[in-house]
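> The structure under discussion is supplied below as structure tokens; questions concerning it will follow.
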Amino acid sequence: MANGGQVDNKLIQTFHKSFVQVQSILDQNRMLINEINQNHESRVPDNLTRNVSLIRELNNNIRRVVGLYADLSASFARTMDASSEGDSSGTLRSSEGAGRAGQKRVRPG
């Protein structure tokens with residue numbers, strides 16, 4: 001398979017890009033959580049009100065991380081399927097949103 005190295009290189013580039021994005025969001029979440037905790041401990045009404053928007057932002061960031069991991073998983077699966085078939089065309093389009101269907105988890109209780 002002559003294009004195996006090319007597929008591996010594209011896969012590594014895609015993984016690296018996604019992991020950099022995830023790490024950036026997780027760093028932002030750490031700062032949000034720290035601010036939320038400080039506001040909560042202060043018990044100042046304005047700070048507690050601000051926490052509502054901070055928690056929404058945190059939740060949106062978590063959704064973005066889940067989406068990035070879903071895209072990564074789908075990209076990896078497509079790459080593995082293509083490499084087993086000997087065809088690497090179109091295997092790394094993470095913007096397709098594949099892998100997101102049915103990702104909502106049901107919580108027990």
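Convention: chains lettered A, B, ... in structure tokens order; per-chain residue numbering from 1; ligands numbered from 1 as shown.
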Contacts between range 70-87 of chain A and range 14-37 of chain A, please, where a residue of range 14-37 of chain A counts if it comes within 9 Å (with only C-alpha atoms); show its shortest atom pair and distance in Å to one decimal, rows by chain and ascending number, as JSON lines.

{"residue": "A:Thr14", "atom": "CA", "partner": "A:Leu72", "partner_atom": "CA", "distance": 7.8}
{"residue": "A:Phe15", "atom": "CA", "partner": "A:Leu72", "partner_atom": "CA", "distance": 6.9}
{"residue": "A:Ser18", "atom": "CA", "partner": "A:Leu72", "partner_atom": "CA", "distance": 7.3}
> Export C-alpha atoms of the chosen residues as a PDB file, in the first residue's frame?

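The resulting selection-v3.pdb:
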ATOM      1  CA  THR A  14      -5.900  15.570  12.197  1.00  0.00           C
ATOM      2  CA  PHE A  15      -5.401  14.099  15.672  1.00  0.00           C
ATOM      3  CA  SER A  18      -8.094  18.190  17.329  1.00  0.00           C
TER       4      SER A  18
END
> Excluding Gln38 in chain A and any residue of its chain fewer than 3 positions from it, enumerate the residues within 12 Å of it, using only C-alpha atoms, and give them as JSON, numbers by chain.
{"A": [31, 32, 33, 34, 35, 41, 42, 43, 44, 47, 48, 50, 51, 54]}
> Could those selected residues go to a file with N, CA and C atoms, as a compact mmCIF listing (two decimals), in the first residue's frame?

# COMPACT_ATOMS: atom_id res chain seq x y z
N MET A 31 -10.29 27.82 33.73
CA MET A 31 -10.43 29.21 34.18
C MET A 31 -11.88 29.54 34.54
N LEU A 32 -12.82 29.03 33.74
CA LEU A 32 -14.23 29.26 34.03
C LEU A 32 -14.62 28.66 35.38
N ILE A 33 -14.18 27.44 35.61
CA ILE A 33 -14.50 26.76 36.88
C ILE A 33 -13.91 27.52 38.06
N ASN A 34 -12.68 28.01 37.92
CA ASN A 34 -12.08 28.80 38.99
C ASN A 34 -12.90 30.06 39.27
N GLU A 35 -13.32 30.74 38.21
CA GLU A 35 -14.12 31.96 38.40
C GLU A 35 -15.48 31.63 39.02
N GLU A 41 -18.13 31.36 46.25
CA GLU A 41 -17.61 31.57 47.60
C GLU A 41 -17.82 33.01 48.07
N SER A 42 -17.84 33.96 47.14
CA SER A 42 -18.00 35.36 47.52
C SER A 42 -19.41 35.66 48.02
N ARG A 43 -20.39 34.91 47.54
CA ARG A 43 -21.80 35.10 47.89
C ARG A 43 -22.33 36.49 47.52
N VAL A 44 -21.61 37.21 46.68
CA VAL A 44 -22.06 38.52 46.20
C VAL A 44 -23.12 38.27 45.12
N ASN A 47 -22.12 38.47 41.49
CA ASN A 47 -21.22 37.38 41.11
C ASN A 47 -21.99 36.08 40.91
N LEU A 48 -22.96 35.84 41.76
CA LEU A 48 -23.77 34.63 41.63
C LEU A 48 -24.61 34.68 40.36
N ARG A 50 -23.71 36.29 37.65
CA ARG A 50 -22.74 36.08 36.56
C ARG A 50 -22.47 34.58 36.35
N ASN A 51 -22.54 33.80 37.42
CA ASN A 51 -22.28 32.37 37.30
C ASN A 51 -23.22 31.68 36.32
N LEU A 54 -21.61 31.99 33.04
CA LEU A 54 -20.36 31.22 33.04
C LEU A 54 -20.63 29.72 32.94
> Could you tell me which of A:Val20, A:Ile25, A:Leu11, A:Ile36 comes closest to Asn60 in chain A if we count only C-alpha atoms?
A:Ile25
> Measure the distance from CA of Glu57 in chain A to CA of Tyr69 in chain A in Å and round it to one decimal.
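Calculated distance between CA of Glu57 in chain A and CA of Tyr69 in chain A is 18.5 Å.
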> Excluding Ile62 in chain A and residues on its chain fewer than 6 positions from it, collect all residues at most 12 Å away from it, counting only C-alpha atoms, and give them as JSON, numbers by chain.
{"A": [22, 23, 24, 25, 26, 27, 28, 29, 30, 32, 55, 56, 68, 69]}
